[in-house]
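S.K.: Please see the structure below; I have some questions.
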Amino acid sequence: MSKIKDLFESGKIKSAFIPYFTLGDPNYNDSIEFGKTILDNGADILELGIPFSDPVADGPVIQRAVARSLKNKFSFSEIFRVTKEIHRHKKDVPLVYLTYFNPIFHCGIEDFLNQAKDSGVVGLVIPDLPFDTKESEVLFQELRKRDMDLIHLVTPASTKKRIEALKKTSTGFIYYVTSFGVTGERREFSVDLKERIRFLKETIQLPICAGFGISTPDQAGQISGYADGIIIGSAIQRIIEENGHEFPKAKQALAEYIAKIRVAIP
Amino acid sequence: MGKNQPGYFGEFGGRYAPEILTEALEELESTYHKLKKSKKFKKELEFYLSNYVGRPSPLTFAERLTKHWGGARIWLKREDLNHTGAHKINNAIGQALIAKFMGKKRIIAETGAGQHGLATATVGAMFGMETVVYMGAVDVERQNLNAKKIEMLGAKILPVTAGEATLKEATSEAMRDWALNVSTTHYIVGSAIGPHPFPTIVRDLQAVIGKEARSQFKKQNHKLPNAIVACVGGGSNAIGMFTAFLKDKHVAIYGAEAGGLGPKPGEHSATLTYGKTGFLHGTKTLIIQDEAGQIVPAHSVSAGLDYPGVGPEHAFLSQSKRVDYRMVTDEQALDCFLEVTRTEGIIPALETAHAFHVARDVAKDLGKKKDLIICLSGRGDKDVTEVLRLLGEKSK
Ligand SMILES: Cc1ncc(COP(=O)(O)O)c(C=O)c1O
C-alpha cells in the first residue's frame, strides 16, 4: 500500500498540511535546511518542486523562485542528493515531487522513478501532463510497480466526465485547484468551494486536498474544515524570497509561519 | 487521447496543457469541428479575407532576382501585401470569428515580431473585442513600431520581463492569462504551436496561402513548381504554404530556420536541426533543451523566429523527411534582406529573408527552366530600424 494512503487511513490526521517549496532556491544546501525546518514544524506531506524553465501553471512568486533556483547549475543528481537529505531527517513524512513533464521525460521515466523512489519520494504531481495521454498512462503503470502515487489535478473547470475518467489512474490524493488561473496567494475563493470538494469526495474515493492561493492561517483553518488537506506554496516561497539571502532569518521566519499554519489546522 | 488520435502528427502534437485549460480546449475543438463544415462560417471568413485582408494575394514572378541568382525561376507568394503586412492576419481573422461564434468577448495573443500582435489588435478593433497582447520586453524594444501600432489600435500591450523576455515568455504569460480568464477569453495562438486543436486550426487557416499559390502557379504555367520554400518560426506561414503541396511528391519542400549566431546552445533557434523531443507550451515537439530537459533560450536576429520550439507538424515532416529544413545565420539573412530589397524593390521581413537565403541555394541547384516559389511571409517595414542598427554595428 502507498505511504500516502497509509497516512490518510491511519486516522492520525483529520486534514493534512502539505507545504511546497522549490528545490535550489536560493541554493541546494539551503534547501536541505528549509526542508528540515518545515518538517520539524509540522508538515504531514512535503511537496518538493523540481525547477523547470517554463512553469506555465505557476504564478509570479513561484516563477521567480524557479528562476533563482536555475541560476545554480541544475542537475538531477543535485535534486536527488537534496531530497535524500531531507528524507533522512524525518523518514515517516511522505515526500512528493511537483514538476513539469519535460525534465522527467528527458531523464527517462524509469530512471527518474528509480532514483526518486530511492531518494524517498512516494508520489508525483505534474501540472502539464493530463491523465488522458499515453505518457500519463505509462507513468501511472511505472509508478504502480513501485508503490508510488500519481496525484492528478482537478480544477473548477473540470467536467464530470473527466473527473469520472481520471479515477482509473489516480492514487494518493486529488490535488484540487481552488481557483482559476495559476498558483499565487489570493484573498477570496470561489463561493462553491465547499460543495465542489464534497462532490469530488463522493465521486472519487480518494482524499481531496485543496491548493492554489491559500496563504493565511484563517484560510487554512477554514478550508481544512472540509478538505482532507491543504497545500501551501506561494506563501512559503515568498518567505524564502524575502529572507533567503539571510539564512538564519529565513529559517526562523519559515519555522514561525509553518507553526502558525499547523495550529490553525484541526 | 492516444497516439493515433486527432491532434497528433506521428508521435508529435497532442494536448499537454494544465487541467484548467482542458475544457476550453475541448470546447474549441468541438466548435471548430462544427464551424469547419458550416457554410455560414466559411462565407464569413471568405468575406473578410477578400474584403478586408485583400486576398487572394498575388503570385509575383521575380524577374530581376531570377536573373541575379542565375538559376531557377523565382516566384513570390505575396503575403506581404495583406492588410497589416504579413500572413498572420489570415489566422487572426479566422480565430476571431471562432471566438465570436463561441460568444467570447475578449481576445488575447502572444507576439514576437509584433506581426501577430498587430493582426490580433486589428481584428480586435474591427470586431470590437477587448484585446490584450503579451510581448517580451526585449521585443517591445526591437519591434517598437509594431508595439506602437498595437496600442494605437486600442489593444493593451503587456510587456513580459521574465527569462529572456522574448516570444517564449510571452507565450507562457498568455497561457497563464487564459487559465485565469478562460470562460470569457479566447487565446488566439499566433503560430502552428500549442495544445491540440491549435496547430490544426492555425494550419487550416493558413492553408489558403499554399492553396492559392498552387492554383495561381498552375494557371499561369500549366504545371506545378519544382520547389517551394518558407521560413519557420513556430511554423505557421510554412505549414500554410506546404499543406497544399505535401501530396505532390515531385515538389521539393524546404523550410528555413534561424541559425542565429552559430551552433552553440543559446546562439540560435534551429529547432529542427538541434532540437530534441520534449514538451513545451502544451505540445510534444522538437525543442532546444539542455541535457537535463531545461529549455535553452533561443536567439535569432528576427524576433518572429526567436522560439525554442516548433509546431508539431513540422517536427513530423522533418522526421519523415518530406521537408528539408535548413539553417540560415543572422548574417546570411541580413545579406539577403538587402539583396532582395535592392534587386526586386521589395523589402521583406527579416524572418522571410531566411527563406530567401535557402531559396538562393535551391535555385542554383535546380538550375534554369525550373521553378521555385518563396512564401514572402511579410514585409520588412517593422525591421528597418533594427536592420539599420545592425548594419551600423557591423560597419564599426
Ligand atoms: C513576417 C513573418 N514571417 C514569419 C514569422 C514566423 O512565424 P511562423 O513561423 O509562425 O510563420 C513571423 C512571426 O512573427 C513574421 O512576422
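Labeling convention for the C-alpha cells: chains A, B, ... as they appear, residues from 1 per chain, ligands from 1 in order of appearance.
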Can you tell me, as a ChimeraX atom specification, what residues are no more than 12 Å from Thr216 in chain A when counting only C-alpha atoms, ignoring any on the same chain fewer than 4 positions away?

M.R.: /A:185-188,220-223,230-236,257-265

S.K.: Residues of chain A within 7 Å of chain B, counting only C-alpha atoms - could you list those as a PyMOL selection string?

M.R.: chain A and resi 52-53+56-57+75+101-103+106-107+127-130+132-134+153-155+157-158+180-182

S.K.: Which neighbours of Leu70 in chain A fall inside 9 Å, counting only C-alpha atoms, when residues of the same chain fewer than 2 positions from it are skipped, and could you give them as a ChimeraX atom specification?

M.R.: /A:24-25,51-53,65-68,72-74

S.K.: Save out the residues we just selected, C-alpha atoms, as an mmCIF file, in the first residue's frame.

M.R.:
data_model
loop_
_atom_site.group_PDB
_atom_site.id
_atom_site.type_symbol
_atom_site.label_atom_id
_atom_site.label_comp_id
_atom_site.auth_asym_id
_atom_site.auth_seq_id
_atom_site.Cartn_x
_atom_site.Cartn_y
_atom_site.Cartn_z
ATOM 1 C CA GLY A 24 17.579 25.034 -5.193
ATOM 2 C CA ASP A 25 16.195 28.424 -4.148
ATOM 3 C CA PRO A 51 12.503 23.614 -11.168
ATOM 4 C CA PHE A 52 11.568 23.812 -14.854
ATOM 5 C CA SER A 53 12.456 26.776 -17.051
ATOM 6 C CA ALA A 65 11.730 31.004 -7.206
ATOM 7 C CA VAL A 66 12.335 28.729 -10.175
ATOM 8 C CA ALA A 67 14.404 31.391 -11.912
ATOM 9 C CA ARG A 68 16.551 31.835 -8.791
ATOM 10 C CA ASN A 72 22.521 27.380 -9.825
ATOM 11 C CA LYS A 73 23.573 24.689 -12.200
ATOM 12 C CA PHE A 74 20.597 22.361 -12.455
#

S.K.: So what do you get for CA of Ile188 in chain B versus atom 4 (C, counted along the ligand's line) of ligand 1, distance-wise?

M.R.: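 Atom-to-atom, CA of Ile188 in chain B and atom 4 (C, counted along the ligand's line) of ligand 1 are spaced 16.3 Å apart.
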
S.K.: Per residue of chain B within 8 Å of ligand 1, which atom pair is closest and at what distance in Å (one decimal), using only C-alpha atoms and all ligand atoms, listed by chain and increasing number, as a Markdown table?

M.R.:
| residue | atom | partner | partner_atom_place_in_ligand_line | distance |
| --- | --- | --- | --- | --- |
| B:Asp80 | CA | ligand 1 | 1 (C) | 7.5 |
| B:Gly85 | CA | ligand 1 | 1 (C) | 7.6 |
| B:Ala86 | CA | ligand 1 | 1 (C) | 5.2 |
| B:His87 | CA | ligand 1 | 1 (C) | 6.9 |
| B:Lys88 | CA | ligand 1 | 16 (O) | 7.0 |
| B:Thr111 | CA | ligand 1 | 14 (O) | 6.7 |
| B:Gly112 | CA | ligand 1 | 14 (O) | 5.5 |
| B:Ala113 | CA | ligand 1 | 14 (O) | 4.4 |
| B:Gly114 | CA | ligand 1 | 14 (O) | 6.1 |
| B:Gln115 | CA | ligand 1 | 16 (O) | 4.7 |
| B:His116 | CA | ligand 1 | 14 (O) | 6.0 |
| B:Gly190 | CA | ligand 1 | 10 (O) | 6.6 |
| B:Ser191 | CA | ligand 1 | 10 (O) | 4.1 |
| B:Ala192 | CA | ligand 1 | 10 (O) | 6.1 |
| B:Cys231 | CA | ligand 1 | 4 (C) | 6.1 |
| B:Val232 | CA | ligand 1 | 9 (O) | 4.0 |
| B:Gly233 | CA | ligand 1 | 9 (O) | 3.3 |
| B:Gly234 | CA | ligand 1 | 9 (O) | 4.1 |
| B:Gly235 | CA | ligand 1 | 9 (O) | 3.3 |
| B:Ser236 | CA | ligand 1 | 10 (O) | 3.5 |
| B:Asn237 | CA | ligand 1 | 11 (O) | 3.7 |
| B:Ala238 | CA | ligand 1 | 11 (O) | 5.8 |
| B:Ile239 | CA | ligand 1 | 11 (O) | 7.9 |
| B:Ala303 | CA | ligand 1 | 14 (O) | 6.7 |
| B:Gly304 | CA | ligand 1 | 14 (O) | 3.5 |
| B:Leu305 | CA | ligand 1 | 6 (C) | 5.3 |
| B:Pro348 | CA | ligand 1 | 1 (C) | 7.7 |
| B:Ala349 | CA | ligand 1 | 1 (C) | 5.1 |
| B:Leu350 | CA | ligand 1 | 1 (C) | 7.2 |
| B:Glu351 | CA | ligand 1 | 3 (N) | 4.8 |
| B:Thr352 | CA | ligand 1 | 3 (N) | 5.4 |
| B:Leu376 | CA | ligand 1 | 1 (C) | 7.6 |
| B:Ser377 | CA | ligand 1 | 3 (N) | 4.6 |
| B:Gly378 | CA | ligand 1 | 1 (C) | 3.6 |
| B:Arg379 | CA | ligand 1 | 1 (C) | 6.2 |
| B:Gly380 | CA | ligand 1 | 1 (C) | 7.5 |

S.K.: What does the distance between CA of Asn146 in chain B and CA of His314 in chain B come to in Å, to one decimal place?

M.R.: 27.4 Å

S.K.: Measuring atom to atom with only C-alpha atoms, identify which of A:Leu46, A:Leu254, A:Leu95, A:Leu193 is nearest to Tyr176 in chain A.

M.R.: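 Using only C-alpha atoms, the shortest distance to Tyr176 in chain A belongs to A:Leu193.
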
S.K.: Which residues come within 10 Å of range 242-244 of chain A, counting only C-alpha atoms, excluding same-chain residues fewer than 4 positions away, as a PyMOL selection string?

M.R.: chain A and resi 25-27+30+34+237-238+248-254

S.K.: Please measure the separation of CA of Gly42 in chain A and CA of Glu241 in chain A, giving the value in Å to one decimal.

M.R.: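 A separation of 21.0 Å between them.
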
S.K.: Taking 4 positions as the minimum chain separation for residues in the same chain, which residues sit within 6 Å of range 128-140 of chain B when counting only C-alpha atoms? Answer as a list in words.

M.R.: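 Final neighbour list, sorted by chain and number: Lys105, Arg106, Ile107, Ile108, Ala109, Glu110, Thr111, Gly117, Gly124, Asn144, Ala147, Ala155, Lys156, Ile157, Leu158, Pro159, Val160, Thr161, Ala165, Thr166, Leu167 and Ala170 of chain B.
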
S.K.: Write to file, as a CSV table (one decimal), in the first residue's frame, the residues of the selection just made, with N, CA and C atoms.

M.R.:
chain,number,residue,atom,x,y,z
B,105,LYS,N,-15.8,37.5,-25.6
B,105,LYS,CA,-15.8,38.9,-25.9
B,105,LYS,C,-14.4,39.5,-25.8
B,106,ARG,N,-13.5,38.7,-25.2
B,106,ARG,CA,-12.1,39.2,-25.0
B,106,ARG,C,-11.1,38.3,-25.7
B,107,ILE,N,-10.2,38.8,-26.4
B,107,ILE,CA,-9.1,38.0,-27.1
B,107,ILE,C,-7.8,38.4,-26.6
B,108,ILE,N,-6.9,37.4,-26.5
B,108,ILE,CA,-5.5,37.7,-26.1
B,108,ILE,C,-4.6,37.0,-27.1
B,109,ALA,N,-3.3,37.5,-27.1
B,109,ALA,CA,-2.4,36.9,-28.0
B,109,ALA,C,-1.0,37.1,-27.5
B,110,GLU,N,-0.1,36.3,-28.0
B,110,GLU,CA,1.4,36.5,-27.7
B,110,GLU,C,2.0,37.0,-29.0
B,111,THR,N,3.1,37.7,-28.9
B,111,THR,CA,3.7,38.1,-30.2
B,111,THR,C,5.2,38.2,-30.0
B,117,GLY,N,0.7,40.2,-33.0
B,117,GLY,CA,0.0,41.1,-32.1
B,117,GLY,C,-0.7,42.2,-32.9
B,124,GLY,N,-9.3,42.7,-33.4
B,124,GLY,CA,-10.0,43.2,-32.1
B,124,GLY,C,-10.7,44.5,-32.3
B,144,ASN,N,9.6,48.1,-32.0
B,144,ASN,CA,8.8,49.2,-31.4
B,144,ASN,C,7.7,49.7,-32.3
B,147,ALA,N,4.8,47.6,-31.8
B,147,ALA,CA,4.2,47.8,-30.4
B,147,ALA,C,3.4,49.1,-30.4
B,155,ALA,N,-5.5,48.1,-28.4
B,155,ALA,CA,-5.2,46.9,-27.6
B,155,ALA,C,-4.2,47.3,-26.5
B,156,LYS,N,-4.2,46.4,-25.5
B,156,LYS,CA,-3.3,46.7,-24.4
B,156,LYS,C,-2.1,45.8,-24.6
B,157,ILE,N,-0.9,46.4,-24.5
B,157,ILE,CA,0.4,45.5,-24.6
B,157,ILE,C,0.8,45.3,-23.2
B,158,LEU,N,1.0,44.0,-22.8
B,158,LEU,CA,1.6,43.7,-21.5
B,158,LEU,C,3.0,43.2,-21.7
B,159,PRO,N,4.1,44.0,-21.5
B,159,PRO,CA,5.4,43.6,-21.7
B,159,PRO,C,5.8,42.5,-20.7
B,160,VAL,N,6.5,41.4,-21.1
B,160,VAL,CA,6.9,40.3,-20.2
B,160,VAL,C,8.4,40.4,-20.0
B,161,THR,N,8.7,40.5,-18.7
B,161,THR,CA,10.2,40.7,-18.4
B,161,THR,C,10.9,39.4,-17.9
B,165,ALA,N,12.8,37.4,-21.9
B,165,ALA,CA,11.8,38.5,-22.3
B,165,ALA,C,11.6,38.5,-23.8
B,166,THR,N,11.4,37.3,-24.4
B,166,THR,CA,11.0,37.2,-25.8
B,166,THR,C,9.8,36.3,-26.0
B,167,LEU,N,9.7,35.8,-27.2
B,167,LEU,CA,8.5,35.1,-27.5
B,167,LEU,C,8.1,33.9,-26.6
B,170,ALA,N,6.5,35.4,-23.6
B,170,ALA,CA,5.2,36.0,-23.9
B,170,ALA,C,4.1,34.9,-24.1

S.K.: Once DSSP has gone over the backbone, tell me which residues of range 28-121 of chain B are in helix (DSSP H, G or I), as number ranges by chain.

M.R.: B: 28-37, 39-53, 63-69, 79-81, 83-85, 88-101, 115-121

S.K.: Give the strand (DSSP E or B) residues of range 45-262 of chain A, as DSSP finds them on the backbone, and put them as a PyMOL selection string.

M.R.: chain A and resi 46-49+95-98+121-125+149-151+153-154+174-177+208-211+229-232
